[in-house]
file data_36.txt (compact mmCIF, C-alpha atoms)
# COMPACT_ATOMS: atom_id res chain seq x y z
CA MET Q 1 12.88 66.07 37.10
CA GLU Q 2 10.55 68.85 35.93
CA LEU Q 3 9.95 69.52 32.26
CA TRP Q 4 10.87 72.95 30.97
CA PRO Q 5 7.81 75.13 30.16
CA GLY Q 6 7.77 74.48 26.43
CA ALA Q 7 8.05 70.70 26.83
CA TRP Q 8 4.34 70.18 27.39
CA THR Q 9 3.57 72.17 24.24
CA ALA Q 10 6.08 70.11 22.28
CA LEU Q 11 4.62 66.85 23.58
CA LEU Q 12 1.10 67.99 22.72
CA LEU Q 13 2.15 68.94 19.19
CA LEU Q 14 3.93 65.61 18.80
CA LEU Q 15 0.80 63.76 19.94
CA LEU Q 16 -1.38 65.73 17.52
CA LEU Q 17 1.07 65.00 14.70
CA LEU Q 18 1.01 61.29 15.56
CA LEU Q 19 -2.79 61.18 15.65
CA SER Q 20 -3.03 63.09 12.36
CA THR Q 21 -0.60 60.67 10.72
CA LEU Q 22 -2.59 57.68 11.94
CA TRP Q 23 -5.85 59.28 10.77
CA PHE Q 24 -4.63 59.80 7.21
CA CYS Q 25 -2.44 56.71 6.87
CA SER Q 26 -4.33 53.96 8.73
CA SER Q 27 -7.92 52.97 8.01
CA SER Q 28 -7.90 50.85 11.18
CA ALA Q 29 -6.90 53.83 13.30
CA LYS Q 30 -9.61 55.92 11.64
CA TYR Q 31 -12.13 53.17 12.46
CA PHE Q 32 -11.16 53.13 16.15
CA PHE Q 33 -11.16 56.94 16.38
CA LYS Q 34 -14.62 57.16 14.82
CA MET Q 35 -16.09 54.43 17.01
CA ALA Q 36 -14.53 55.91 20.14
CA PHE Q 37 -16.03 59.29 19.35
CA TYR Q 38 -19.39 57.68 18.48
CA ASN Q 39 -19.61 55.90 21.83
CA GLY Q 40 -18.23 58.85 23.77
CA TRP Q 41 -20.63 61.30 22.11
CA ILE Q 42 -23.62 59.10 22.94
CA LEU Q 43 -22.51 58.95 26.59
CA PHE Q 44 -22.21 62.75 26.59
CA LEU Q 45 -25.66 63.18 25.02
CA ALA Q 46 -27.05 60.85 27.67
CA ILE Q 47 -25.65 63.14 30.36
CA LEU Q 48 -27.55 66.03 28.77
CA ALA Q 49 -30.73 63.95 28.57
CA ILE Q 50 -30.77 62.67 32.15
CA PRO Q 51 -31.84 65.87 33.98
CA VAL Q 52 -34.53 66.59 31.35
CA CYS Q 53 -35.90 63.04 31.47
CA ALA Q 54 -35.75 62.96 35.27
CA VAL Q 55 -38.48 65.61 35.44
CA ARG Q 56 -41.00 62.96 34.27
CA GLY Q 57 -39.28 60.04 35.92
CA ARG Q 58 -39.29 56.69 34.11
CA ASN Q 59 -41.64 57.32 31.19
CA VAL Q 60 -41.84 56.12 27.57
CA GLU Q 61 -42.45 59.72 26.49
CA ASN Q 62 -38.80 60.39 27.35
CA MET Q 63 -37.85 58.43 24.21
CA LYS Q 64 -38.79 61.57 22.29
CA ILE Q 65 -36.02 63.44 24.11
CA LEU Q 66 -33.42 60.77 23.35
CA ARG Q 67 -34.52 60.67 19.71
CA LEU Q 68 -34.26 64.45 19.40
CA LEU Q 69 -30.74 64.43 20.82
CA LEU Q 70 -29.56 61.57 18.60
CA LEU Q 71 -31.01 62.52 15.22
CA HIS Q 72 -28.03 64.71 14.29
CA VAL Q 73 -25.39 61.98 14.77
CA LYS Q 74 -25.79 60.66 11.22
CA TYR Q 75 -24.68 64.04 9.88
CA LEU Q 76 -21.45 63.89 11.89
CA TYR Q 77 -20.54 60.72 9.99
CA GLY Q 78 -21.96 61.65 6.61
CA ILE Q 79 -24.51 58.83 6.70
CA ARG Q 80 -27.67 59.34 4.67
CA VAL Q 81 -30.64 57.41 6.07
CA GLU Q 82 -33.56 56.86 3.69
CA VAL Q 83 -36.86 55.63 5.13
CA ARG Q 84 -39.47 53.85 3.02
CA GLY Q 85 -42.79 52.34 4.01
CA ALA Q 86 -43.39 54.43 7.16
CA HIS Q 87 -47.09 54.51 6.24
CA HIS Q 88 -47.27 50.85 7.31
CA PHE Q 89 -47.15 51.80 10.99
CA PRO Q 90 -50.66 51.36 12.48
CA PRO Q 91 -51.72 54.81 13.71
CA THR Q 92 -53.53 53.96 16.93
CA GLN Q 93 -52.84 50.43 18.19
CA PRO Q 94 -49.94 48.73 19.97
CA TYR Q 95 -47.62 46.44 18.01
CA VAL Q 96 -44.25 44.68 18.10
CA VAL Q 97 -41.46 45.91 15.83
CA VAL Q 98 -38.83 43.35 14.78
CA SER Q 99 -35.64 44.53 13.08
CA ASN Q 100 -32.32 43.11 11.93
CA HIS Q 101 -29.28 43.94 14.07
CA GLN Q 102 -25.90 44.68 12.47
CA SER Q 103 -24.00 46.99 14.82
CA SER Q 104 -24.35 49.87 17.26
CA LEU Q 105 -24.93 52.04 14.18
CA ASP Q 106 -28.45 50.56 14.07
CA LEU Q 107 -29.26 53.28 16.57
CA LEU Q 108 -29.13 55.84 13.74
CA GLY Q 109 -31.73 54.03 11.64
CA MET Q 110 -33.88 53.34 14.68
CA MET Q 111 -34.01 57.00 15.70
CA GLU Q 112 -34.92 57.98 12.13
CA VAL Q 113 -38.08 55.87 12.09
CA LEU Q 114 -38.93 55.28 15.77
CA PRO Q 115 -42.72 55.59 16.29
CA ASP Q 116 -44.25 57.45 19.23
CA ARG Q 117 -44.51 55.48 22.49
CA CYS Q 118 -42.15 52.81 21.19
CA VAL Q 119 -39.33 51.49 23.36
CA PRO Q 120 -36.67 48.87 22.62
CA ILE Q 121 -36.21 45.66 24.56
CA ALA Q 122 -32.51 45.52 25.47
CA LYS Q 123 -30.12 43.21 27.25
CA ARG Q 124 -29.77 43.95 30.95
CA GLU Q 125 -26.05 44.72 30.63
CA LEU Q 126 -26.92 48.03 28.95
CA LEU Q 127 -28.43 49.21 32.23
CA TRP Q 128 -24.91 49.46 33.67
CA ALA Q 129 -23.46 51.40 30.71
CA GLY Q 130 -22.93 54.61 32.69
CA SER Q 131 -24.97 57.64 31.67
CA ALA Q 132 -26.42 55.78 28.67
CA GLY Q 133 -27.88 53.09 30.91
CA LEU Q 134 -29.57 55.63 33.19
CA ALA Q 135 -30.97 57.60 30.24
CA CYS Q 136 -32.35 54.37 28.73
CA TRP Q 137 -33.99 53.44 32.03
CA LEU Q 138 -35.60 56.87 32.30
CA ALA Q 139 -36.91 56.47 28.73
CA GLY Q 140 -38.76 53.29 29.69
CA ILE Q 141 -36.51 50.87 27.79
CA ILE Q 142 -37.28 47.30 28.88
CA PHE Q 143 -34.32 45.28 30.13
CA ILE Q 144 -34.20 41.48 30.15
CA ASP Q 145 -31.59 39.05 31.43
CA ARG Q 146 -31.06 36.67 28.53
CA LYS Q 147 -29.11 34.25 30.74
CA ARG Q 148 -32.10 33.70 33.04
CA THR Q 149 -34.85 32.27 30.86
CA GLY Q 150 -37.46 32.31 33.63
CA ASP Q 151 -36.97 36.02 34.29
CA ALA Q 152 -37.09 36.82 30.55
CA ILE Q 153 -40.39 34.95 30.15
CA SER Q 154 -41.83 36.79 33.16
CA VAL Q 155 -40.77 40.16 31.74
CA MET Q 156 -42.31 39.32 28.36
CA SER Q 157 -45.62 38.45 30.05
CA GLU Q 158 -45.60 41.82 31.81
CA VAL Q 159 -44.77 43.56 28.54
CA ALA Q 160 -47.75 41.89 26.85
CA GLN Q 161 -50.02 43.42 29.49
CA THR Q 162 -48.31 46.81 29.17
CA LEU Q 163 -48.82 46.82 25.40
CA LEU Q 164 -52.56 46.52 25.85
CA THR Q 165 -53.14 48.67 28.91
CA GLN Q 166 -50.73 51.56 28.26
CA ASP Q 167 -50.74 51.78 24.43
CA VAL Q 168 -47.01 51.04 24.19
CA ARG Q 169 -45.11 49.62 21.21
CA VAL Q 170 -41.88 47.65 21.58
CA TRP Q 171 -38.86 47.26 19.31
CA VAL Q 172 -37.08 43.89 19.35
CA PHE Q 173 -33.95 42.61 17.60
CA PRO Q 174 -34.94 38.94 17.20
CA GLU Q 175 -31.46 37.82 16.16
CA GLY Q 176 -30.50 38.39 19.80
CA THR Q 177 -27.05 39.78 19.02
CA ARG Q 178 -25.24 41.88 16.44
CA ASN Q 179 -24.58 40.14 13.15
CA HIS Q 180 -21.67 41.35 10.99
CA ASN Q 181 -21.73 38.70 8.25
CA GLY Q 182 -24.03 40.47 5.80
CA SER Q 183 -27.08 38.29 6.34
CA MET Q 184 -29.44 37.47 9.25
CA LEU Q 185 -29.02 35.04 12.10
CA PRO Q 186 -31.86 32.67 12.99
CA PHE Q 187 -34.58 34.51 14.92
CA LYS Q 188 -35.25 33.89 18.58
CA ARG Q 189 -38.97 33.54 19.19
CA GLY Q 190 -39.55 35.77 22.21
CA ALA Q 191 -40.85 38.73 20.17
CA PHE Q 192 -43.27 36.47 18.31
CA HIS Q 193 -44.56 34.85 21.48
CA LEU Q 194 -45.08 38.37 22.82
CA ALA Q 195 -47.07 39.48 19.77
CA VAL Q 196 -49.20 36.31 19.78
CA GLN Q 197 -49.88 36.54 23.51
CA ALA Q 198 -51.00 40.18 23.17
CA GLN Q 199 -52.70 39.50 19.81
CA VAL Q 200 -51.04 42.58 18.29
CA PRO Q 201 -49.49 42.88 14.81
CA ILE Q 202 -45.80 42.51 14.02
CA ILE Q 203 -44.11 45.31 12.07
CA PRO Q 204 -40.93 44.05 10.35
CA ILE Q 205 -38.26 46.69 9.73
CA VAL Q 206 -35.18 46.01 7.60
CA MET Q 207 -32.01 48.11 7.55
CA SER Q 208 -29.78 47.65 4.51
CA SER Q 209 -26.22 46.41 4.82
CA TYR Q 210 -23.54 48.87 5.96
CA GLN Q 211 -20.79 47.00 4.12
CA ASP Q 212 -19.99 49.75 1.63
CA PHE Q 213 -18.95 52.17 4.41
CA TYR Q 214 -18.60 50.14 7.63
CA SER Q 215 -17.06 46.78 8.53
CA LYS Q 216 -16.04 45.75 12.03
CA LYS Q 217 -14.15 42.74 10.70
CA GLU Q 218 -12.09 44.88 8.30
CA ARG Q 219 -11.79 47.78 10.79
CA ARG Q 220 -13.24 50.11 8.17
CA PHE Q 221 -15.51 53.14 8.65
CA THR Q 222 -15.53 55.52 5.70
CA SER Q 223 -17.67 58.48 4.65
CA PRO Q 224 -20.11 59.15 3.15
CA GLY Q 225 -22.48 56.23 3.64
CA ARG Q 226 -26.07 55.38 2.73
CA CYS Q 227 -28.57 53.23 4.57
CA GLN Q 228 -32.13 52.41 3.62
CA VAL Q 229 -34.68 51.59 6.32
CA ARG Q 230 -37.67 49.69 4.94
CA VAL Q 231 -40.86 49.32 6.98
CA LEU Q 232 -42.79 46.25 5.80
CA PRO Q 233 -46.57 45.76 5.99
CA PRO Q 234 -47.99 44.58 9.34
CA VAL Q 235 -48.19 40.85 9.99
CA SER Q 236 -51.39 39.95 11.83
CA THR Q 237 -51.30 37.58 14.81
CA GLU Q 238 -55.05 37.58 15.36
CA GLY Q 239 -56.26 34.09 16.18
CA LEU Q 240 -52.73 32.62 16.33
CA THR Q 241 -51.60 30.44 19.25
CA PRO Q 242 -48.16 29.57 20.68
CA ASP Q 243 -48.11 26.54 18.37
CA ASP Q 244 -48.05 28.92 15.39
CA VAL Q 245 -45.01 30.86 16.62
CA PRO Q 246 -42.25 28.79 14.89
CA ALA Q 247 -43.87 29.12 11.48
CA LEU Q 248 -44.62 32.81 12.11
CA ALA Q 249 -41.00 33.57 13.05
CA ASP Q 250 -39.67 31.70 9.99
CA SER Q 251 -42.10 33.46 7.66
CA VAL Q 252 -41.23 36.93 8.96
CA ARG Q 253 -37.50 36.20 8.79
CA HIS Q 254 -37.82 34.98 5.20
CA SER Q 255 -39.63 38.15 4.11
CA MET Q 256 -37.12 40.36 5.92
CA LEU Q 257 -34.12 38.52 4.48
CA THR Q 258 -35.54 38.86 0.96
CA ILE Q 259 -35.94 42.61 1.41
CA PHE Q 260 -32.51 42.89 3.05
CA ARG Q 261 -30.87 41.32 0.02
CA GLU Q 262 -32.87 43.49 -2.33
CA ILE Q 263 -32.13 46.86 -0.72
CA SER Q 264 -28.51 45.95 -0.07
CA THR Q 265 -27.83 45.34 -3.77
CA ASP Q 266 -29.97 47.91 -5.59
CA GLY Q 267 -27.68 50.87 -4.97
CA LEU Q 268 -30.31 52.60 -2.80
CA GLY Q 269 -29.25 51.21 0.52
CA GLY Q 270 -25.96 49.61 1.47
CA GLY Q 271 -24.52 49.57 -2.03
CA ASP Q 272 -23.62 46.65 -4.26
CA CYS Q 273 -22.05 44.69 -1.41
CA LEU Q 274 -24.13 41.51 -1.54
CA LYS Q 275 -24.60 39.01 -4.29
CA LYS Q 276 -28.08 38.26 -5.47
CA PRO Q 277 -29.16 34.98 -3.89
CA GLY Q 278 -29.78 32.26 -6.40
CA GLY Q 279 -33.43 31.40 -6.74
CA ALA Q 280 -34.65 34.06 -4.35
CA GLY Q 281 -37.38 36.22 -5.73
CA GLU Q 282 -37.61 39.94 -5.11
CA ALA Q 283 -40.27 41.11 -2.70
CA ARG Q 284 -42.16 44.23 -3.69
CA LEU Q 285 -44.31 46.32 -1.39
call {"tool": "encode", "arguments": {"input": "data_36.txt", "output": "structure tokens"}}
result
Amino acid sequence: MELWPGAWTALLLLLLLLLSTLWFCSSSAKYFFKMAFYNGWILFLAILAIPVCAVRGRNVENMKILRLLLLHVKYLYGIRVEVRGAHHFPPTQPYVVVSNHQSSLDLLGMMEVLPDRCVPIAKRELLWAGSAGLACWLAGIIFIDRKRTGDAISVMSEVAQTLLTQDVRVWVFPEGTRNHNGSMLPFKRGAFHLAVQAQVPIIPIVMSSYQDFYSKKERRFTSPGRCQVRVLPPVSTEGLTPDDVPALADSVRHSMLTIFREISTDGLGGGDCLKKPGGAGEARL
């Protein structure tokens, strides 16, 4: 049975009315709509980036193209990103950036502060994420298979050589996965072994909590939002050996967690969403 000509218009209007009702009446629906658009928009931007990046082939300089295309996304969601401490980036040498990992929104803070010739280390599954995976590959992003320890160690050894011979910086999320509980998971030590092996400094970067405007657990994504990105002073690895890695990882995590708590409660970053930890002193730069 065929629908009469006006039926499609009526169905479309009904669908728009339903979506509008959900948008204004359900915070969960608004969360899913916003995240769907966020992911879809990034896939679309990747499609735009691919032909431009393909001119160079796989090259870390293509990260500049991805960054340029992604910088505007924060405005679509009314998120204000404030960067402090960018002067701590060494101007001429390779280094390893370590940062906390809260959600896919970390991409916004990363693009705001990403240094030249710096590429993330990402899980291999991202390589198969459609247009985004291809764009990331063209931008020189390093993929590791976390389930195959031997392969991951081999890749890290190659990265250590690349850091020194090609003047490349890498960005690592040492928690290993996204953490939505308003703190930091224990750090995996791969990034620290990499920095020690290459004898390059570690640059800790802390992004404040998103809890005042975003929560996956509560299915909440409101506007506007504020995020502070704090670049901490370099941590030298000169003269350190693999035996020093556990203490190094713990020390860096402690300093990052202190700053995370500070900037997530001072009203300048993620808002007053975290309680001050008892007995923890404030770190000043």
call {"tool": "residues_near_point", "arguments": {"input": "data_36.txt", "point": "(-37.1, 55.7, 6.4)", "cutoff": "9 Å", "atoms": "only C-alpha atoms", "output": "compact mmCIF listing (two decimals) with C-alpha atoms, in the coordinates of the input"}}
result
# COMPACT_ATOMS: atom_id res chain seq x y z
CA VAL Q 81 -30.64 57.41 6.07
CA GLU Q 82 -33.56 56.86 3.69
CA VAL Q 83 -36.86 55.63 5.13
CA ARG Q 84 -39.47 53.85 3.02
CA GLY Q 85 -42.79 52.34 4.01
CA ALA Q 86 -43.39 54.43 7.16
CA GLY Q 109 -31.73 54.03 11.64
CA GLU Q 112 -34.92 57.98 12.13
CA VAL Q 113 -38.08 55.87 12.09
CA GLN Q 228 -32.13 52.41 3.62
CA VAL Q 229 -34.68 51.59 6.32
CA ARG Q 230 -37.67 49.69 4.94
CA VAL Q 231 -40.86 49.32 6.98
call {"tool": "closest_residue", "arguments": {"input": "data_36.txt", "among": "Q:Val245, Q:Leu71, Q:Ile79, Q:Ile144", "to": "Glu158 (chain Q)", "atoms": "all atoms listed in the file"}}
result
Q:Ile144
call {"tool": "closest_residue", "arguments": {"input": "data_36.txt", "among": "Q:Val60, Q:Leu13, Q:Met35, Q:Ile50", "to": "Ala132 (chain Q)", "atoms": "only C-alpha atoms"}}
result
Q:Ile50
call {"tool": "closest_residue", "arguments": {"input": "data_36.txt", "among": "Q:Thr92, Q:Asn39, Q:Ser27, Q:Thr162", "to": "Val73 (chain Q)", "atoms": "all atoms listed in the file"}}
result
Q:Asn39
call {"tool": "closest_residue", "arguments": {"input": "data_36.txt", "among": "Q:Cys53, Q:Val170, Q:Leu134, Q:Met256", "to": "Ile65 (chain Q)", "atoms": "only C-alpha atoms"}}
result
Q:Cys53
call {"tool": "residues_near_point", "arguments": {"input": "data_36.txt", "point": "(-28.0, 43.6, 12.8)", "cutoff": "7 Å", "atoms": "all atoms listed in the file", "output": "list in words"}}
result
Asn100, His101, Gln102, Ser103, Arg178, Asn179 and His180 of chain Q
call {"tool": "write_last_selection", "arguments": {"input": "data_36.txt", "atoms": "C-alpha atoms", "output": "mmCIF file, in the coordinates of the input"}}
result
data_model
loop_
_atom_site.group_PDB
_atom_site.id
_atom_site.type_symbol
_atom_site.label_atom_id
_atom_site.label_comp_id
_atom_site.auth_asym_id
_atom_site.auth_seq_id
_atom_site.Cartn_x
_atom_site.Cartn_y
_atom_site.Cartn_z
ATOM 1 C CA ASN Q 100 -32.320 43.110 11.930
ATOM 2 C CA HIS Q 101 -29.280 43.940 14.070
ATOM 3 C CA GLN Q 102 -25.900 44.680 12.470
ATOM 4 C CA SER Q 103 -24.000 46.990 14.820
ATOM 5 C CA ARG Q 178 -25.240 41.880 16.440
ATOM 6 C CA ASN Q 179 -24.580 40.140 13.150
ATOM 7 C CA HIS Q 180 -21.670 41.350 10.990
#
call {"tool": "closest_atom_pairs", "arguments": {"input": "data_36.txt", "of": "region 154-230 of chain Q", "to": "region 88-91 of chain Q", "cutoff": "10 Å", "atoms": "all atoms listed in the file", "output": "tab-separated table"}}
result
residue	atom	partner	partner_atom	distance
Q:Pro201	CA	Q:Pro90	CA	8.9
Q:Ile202	CA	Q:Phe89	CA	9.9
Q:Ile203	CA	Q:Phe89	CA	7.2
Q:Pro204	CA	Q:His88	CA	9.8
Q:Arg230	CA	Q:His88	CA	10.0
call {"tool": "closest_residue", "arguments": {"input": "data_36.txt", "among": "Q:Val155, Q:Thr258, Q:Leu194, Q:Ala49", "to": "Gly133 (chain Q)", "atoms": "all atoms listed in the file"}}
result
Q:Ala49
call {"tool": "decode", "arguments": {"input": "data_36.txt", "residues": "region 54-65 of chain Q", "atoms": "all heavy atoms", "output": "short mmCIF file (atom, residue, chain, number, x, y, z; two decimals), in the first residue's frame"}}
result
data_model
loop_
_atom_site.label_atom_id
_atom_site.label_comp_id
_atom_site.auth_asym_id
_atom_site.auth_seq_id
_atom_site.Cartn_x
_atom_site.Cartn_y
_atom_site.Cartn_z
N ALA Q 54 46.77 12.78 2.24
CA ALA Q 54 47.30 11.77 1.32
C ALA Q 54 48.36 12.34 0.39
O ALA Q 54 49.19 11.60 -0.14
CB ALA Q 54 46.16 11.16 0.51
N VAL Q 55 48.35 13.65 0.18
CA VAL Q 55 49.36 14.28 -0.68
C VAL Q 55 50.77 14.00 -0.14
O VAL Q 55 51.70 13.72 -0.89
CB VAL Q 55 49.11 15.80 -0.79
CG1 VAL Q 55 50.24 16.48 -1.55
CG2 VAL Q 55 47.77 16.06 -1.47
N ARG Q 56 50.93 14.08 1.20
CA ARG Q 56 52.22 13.81 1.83
C ARG Q 56 52.43 12.32 2.09
O ARG Q 56 53.55 11.88 2.30
CB ARG Q 56 52.31 14.52 3.19
CG ARG Q 56 52.59 16.01 3.14
CD ARG Q 56 53.06 16.44 4.53
NE ARG Q 56 53.18 17.88 4.67
CZ ARG Q 56 52.31 18.65 5.28
NH1 ARG Q 56 51.25 18.13 5.82
NH2 ARG Q 56 52.50 19.96 5.37
N GLY Q 57 51.35 11.56 2.15
CA GLY Q 57 51.46 10.20 2.62
C GLY Q 57 51.48 10.19 4.14
O GLY Q 57 51.15 11.17 4.80
N ARG Q 58 51.90 9.08 4.73
CA ARG Q 58 51.96 8.98 6.19
C ARG Q 58 53.08 9.87 6.70
O ARG Q 58 54.27 9.62 6.45
CB ARG Q 58 52.19 7.52 6.60
CG ARG Q 58 52.28 7.29 8.10
CD ARG Q 58 52.23 5.80 8.39
NE ARG Q 58 52.66 5.47 9.73
CZ ARG Q 58 51.92 5.55 10.84
NH1 ARG Q 58 50.66 5.96 10.74
NH2 ARG Q 58 52.39 5.20 12.01
N ASN Q 59 52.70 10.93 7.45
CA ASN Q 59 53.66 11.94 7.85
C ASN Q 59 53.16 12.66 9.10
O ASN Q 59 52.00 13.07 9.17
CB ASN Q 59 53.86 12.95 6.71
CG ASN Q 59 55.04 13.86 6.92
OD1 ASN Q 59 55.21 14.45 7.99
ND2 ASN Q 59 55.88 13.99 5.90
N VAL Q 60 54.02 12.83 10.11
CA VAL Q 60 53.61 13.48 11.34
C VAL Q 60 53.18 14.93 11.12
O VAL Q 60 52.42 15.49 11.93
CB VAL Q 60 54.72 13.43 12.41
CG1 VAL Q 60 55.02 12.01 12.81
CG2 VAL Q 60 55.98 14.13 11.93
N GLU Q 61 53.64 15.55 10.03
CA GLU Q 61 53.23 16.92 9.74
C GLU Q 61 51.73 17.02 9.44
O GLU Q 61 51.14 18.09 9.53
CB GLU Q 61 54.04 17.49 8.58
CG GLU Q 61 55.51 17.73 8.89
CD GLU Q 61 55.71 18.82 9.93
OE1 GLU Q 61 54.86 19.73 10.02
OE2 GLU Q 61 56.71 18.75 10.67
N ASN Q 62 51.13 15.89 9.08
CA ASN Q 62 49.68 15.88 8.81
C ASN Q 62 48.86 16.11 10.08
O ASN Q 62 47.66 16.43 9.99
CB ASN Q 62 49.27 14.56 8.16
CG ASN Q 62 49.65 14.50 6.69
OD1 ASN Q 62 49.70 15.53 6.01
ND2 ASN Q 62 49.90 13.30 6.20
N MET Q 63 49.48 15.97 11.27
CA MET Q 63 48.76 16.27 12.50
C MET Q 63 48.33 17.72 12.54
O MET Q 63 47.31 18.06 13.16
CB MET Q 63 49.63 15.96 13.73
CG MET Q 63 49.65 14.50 14.16
SD MET Q 63 48.03 13.78 14.55
CE MET Q 63 47.45 14.85 15.85
N LYS Q 64 49.07 18.60 11.87
CA LYS Q 64 48.68 20.01 11.81
C LYS Q 64 47.35 20.17 11.09
O LYS Q 64 46.54 21.04 11.46
CB LYS Q 64 49.76 20.82 11.11
CG LYS Q 64 51.08 20.91 11.85
CD LYS Q 64 52.10 21.72 11.07
CE LYS Q 64 53.43 21.81 11.81
NZ LYS Q 64 54.45 22.57 11.03
N ILE Q 65 47.11 19.36 10.08
CA ILE Q 65 45.85 19.42 9.33
C ILE Q 65 44.70 18.94 10.21
O ILE Q 65 43.64 19.59 10.28
CB ILE Q 65 45.96 18.58 8.05
CG1 ILE Q 65 47.03 19.16 7.13
CG2 ILE Q 65 44.61 18.50 7.33
CD1 ILE Q 65 47.35 18.30 5.93
#
